[in-house]
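Just entry00.pdb here, PDB, C-alpha atoms:
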ATOM      1  CA  MET A   1       0.000   0.000   0.000  1.00  0.00           C
ATOM      2  CA  LEU A   2       1.297   3.440  -0.939  1.00  0.00           C
ATOM      3  CA  THR A   3       1.404   5.687   2.092  1.00  0.00           C
ATOM      4  CA  TRP A   4       1.595   9.470   2.092  1.00  0.00           C
ATOM      5  CA  GLY A   5       5.218   9.347   3.246  1.00  0.00           C
ATOM      6  CA  ALA A   6       6.243   6.982   0.442  1.00  0.00           C
ATOM      7  CA  PHE A   7       4.422   9.128  -2.120  1.00  0.00           C
ATOM      8  CA  LEU A   8       6.067  12.313  -0.841  1.00  0.00           C
ATOM      9  CA  THR A   9       9.507  10.695  -0.874  1.00  0.00           C
ATOM     10  CA  ALA A  10       8.982   9.512  -4.465  1.00  0.00           C
ATOM     11  CA  VAL A  11       7.825  12.951  -5.604  1.00  0.00           C
ATOM     12  CA  LEU A  12      10.756  14.701  -3.928  1.00  0.00           C
ATOM     13  CA  THR A  13      13.211  12.224  -5.471  1.00  0.00           C
ATOM     14  CA  GLY A  14      11.685  12.751  -8.913  1.00  0.00           C
ATOM     15  CA  VAL A  15      11.813  16.541  -8.625  1.00  0.00           C
ATOM     16  CA  PHE A  16      15.405  16.464  -7.373  1.00  0.00           C
ATOM     17  CA  CYS A  17      16.494  14.152 -10.205  1.00  0.00           C
ATOM     18  CA  SER A  18      14.797  16.341 -12.803  1.00  0.00           C
ATOM     19  CA  VAL A  19      16.475  19.503 -11.551  1.00  0.00           C
ATOM     20  CA  PHE A  20      19.820  17.716 -11.225  1.00  0.00           C
ATOM     21  CA  ALA A  21      19.594  16.367 -14.789  1.00  0.00           C
ATOM     22  CA  VAL A  22      18.778  19.794 -16.223  1.00  0.00           C
ATOM     23  CA  ALA A  23      21.664  21.378 -14.295  1.00  0.00           C
ATOM     24  CA  VAL A  24      24.145  18.749 -15.460  1.00  0.00           C
ATOM     25  CA  ASP A  25      22.884  18.986 -19.039  1.00  0.00           C
ATOM     26  CA  THR A  26      23.423  22.744 -19.084  1.00  0.00           C
ATOM     27  CA  LEU A  27      26.931  22.446 -17.637  1.00  0.00           C
ATOM     28  CA  LEU A  28      28.172  19.471 -19.641  1.00  0.00           C
ATOM     29  CA  ASP A  29      27.671  18.135 -23.108  1.00  0.00           C
ATOM     30  CA  MET A  30      26.454  14.675 -22.137  1.00  0.00           C
ATOM     31  CA  ALA A  31      27.831  12.482 -24.895  1.00  0.00           C
ATOM     32  CA  GLY A  32      27.949   8.752 -24.427  1.00  0.00           C
ATOM     33  CA  ILE A  33      25.808   6.215 -22.665  1.00  0.00           C
ATOM     34  CA  TRP A  34      28.262   5.768 -19.771  1.00  0.00           C
ATOM     35  CA  MET A  35      28.078   9.464 -18.864  1.00  0.00           C
ATOM     36  CA  VAL A  36      24.282   9.371 -18.884  1.00  0.00           C
ATOM     37  CA  ALA A  37      24.317   6.203 -16.744  1.00  0.00           C
ATOM     38  CA  ALA A  38      26.753   7.754 -14.252  1.00  0.00           C
ATOM     39  CA  VAL A  39      24.732  10.963 -13.958  1.00  0.00           C
ATOM     40  CA  SER A  40      21.532   8.951 -13.508  1.00  0.00           C
ATOM     41  CA  LEU A  41      23.145   6.892 -10.746  1.00  0.00           C
ATOM     42  CA  VAL A  42      24.405   9.958  -8.877  1.00  0.00           C
ATOM     43  CA  SER A  43      21.090  11.760  -9.390  1.00  0.00           C
ATOM     44  CA  GLY A  44      19.036   8.874  -8.011  1.00  0.00           C
ATOM     45  CA  PHE A  45      21.354   8.404  -5.044  1.00  0.00           C
ATOM     46  CA  LEU A  46      21.405  12.091  -4.101  1.00  0.00           C
ATOM     47  CA  GLY A  47      17.679  12.449  -4.781  1.00  0.00           C
ATOM     48  CA  SER A  48      16.898   9.597  -2.432  1.00  0.00           C
ATOM     49  CA  LEU A  49      19.101  11.072   0.298  1.00  0.00           C
ATOM     50  CA  PHE A  50      17.496  14.485  -0.219  1.00  0.00           C
ATOM     51  CA  ALA A  51      13.986  13.032   0.074  1.00  0.00           C
ATOM     52  CA  GLN A  52      14.836  11.020   3.192  1.00  0.00           C
ATOM     53  CA  ILE A  53      16.407  14.029   4.909  1.00  0.00           C
ATOM     54  CA  THR A  54      13.551  16.328   3.880  1.00  0.00           C
ATOM     55  CA  THR A  55      10.830  13.982   5.123  1.00  0.00           C
ATOM     56  CA  GLY A  56      12.778  12.916   8.223  1.00  0.00           C
ATOM     57  CA  ARG A  57      12.750   9.227   7.252  1.00  0.00           C
ATOM     58  CA  GLY A  58      16.540   8.924   7.518  1.00  0.00           C
ATOM     59  CA  ARG A  59      16.575   9.794  11.218  1.00  0.00           C
ATOM     60  CA  ARG A  60      16.119   7.415  14.110  1.00  0.00           C
TER      61      ARG A  60
END
Output the structure of this file as structure tokens.
Amino acid sequence: MLTWGAFLTAVLTGVFCSVFAVAVDTLLDMAGIWMVAAVSLVSGFLGSLFAQITTGRGRR
């Protein structure tokens, strides 16, 4: 079951990843599949951390 907290975390991660991808695209000329894969990995990781910190889910 999708709870409000899980939905909020997913939305925050998606927004963070979108903004991160646009920022990286404007700064770098993303050529090559490995660069796109690396940026996607970093974006997802940082987006998840951002969402957990923002919603307080990462704290005990």
On this file, the PyMOL selection byres ((chain A and resi 14) around 12) gives some set of residues; write that set as a CSV table (one decimal) with C-alpha atoms, in the coordinates of the input.
chain,number,residue,atom,x,y,z
A,7,PHE,CA,4.4,9.1,-2.1
A,8,LEU,CA,6.1,12.3,-0.8
A,9,THR,CA,9.5,10.7,-0.9
A,10,ALA,CA,9.0,9.5,-4.5
A,11,VAL,CA,7.8,13.0,-5.6
A,12,LEU,CA,10.8,14.7,-3.9
A,13,THR,CA,13.2,12.2,-5.5
A,15,VAL,CA,11.8,16.5,-8.6
A,16,PHE,CA,15.4,16.5,-7.4
A,17,CYS,CA,16.5,14.2,-10.2
A,18,SER,CA,14.8,16.3,-12.8
A,19,VAL,CA,16.5,19.5,-11.6
A,20,PHE,CA,19.8,17.7,-11.2
A,21,ALA,CA,19.6,16.4,-14.8
A,40,SER,CA,21.5,9.0,-13.5
A,43,SER,CA,21.1,11.8,-9.4
A,44,GLY,CA,19.0,8.9,-8.0
A,45,PHE,CA,21.4,8.4,-5.0
A,46,LEU,CA,21.4,12.1,-4.1
A,47,GLY,CA,17.7,12.4,-4.8
A,48,SER,CA,16.9,9.6,-2.4
A,49,LEU,CA,19.1,11.1,0.3
A,50,PHE,CA,17.5,14.5,-0.2
A,51,ALA,CA,14.0,13.0,0.1
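Across the model, the gap from CA of Thr3 in chain A to CA of Val22 in chain A is 28.9 Å.
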Padding 6 Å on each side, edges along x, y and z: where is the centre of the box around the listed atoms of range 38-43 of chain A, and how long are its edges in Å to one decimal? Output it as lines of an AutoDock Vina configuration file.
center_x = 23.9
center_y = 9.3
center_z = -11.6
size_x = 17.7
size_y = 16.9
size_z = 17.4
*In Å, with one decimal, what is the gap from CA of Leu28 in chain A to CA of Thr54 in chain A?*
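Those two atoms sit 27.9 Å apart.
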*What separation in Å, quoted to one decimal, exists between CA of Val42 in chain A and CA of Thr55 in chain A?*
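Answer for the CA of Val42 in chain A to CA of Thr55 in chain A separation: 19.9 Å.
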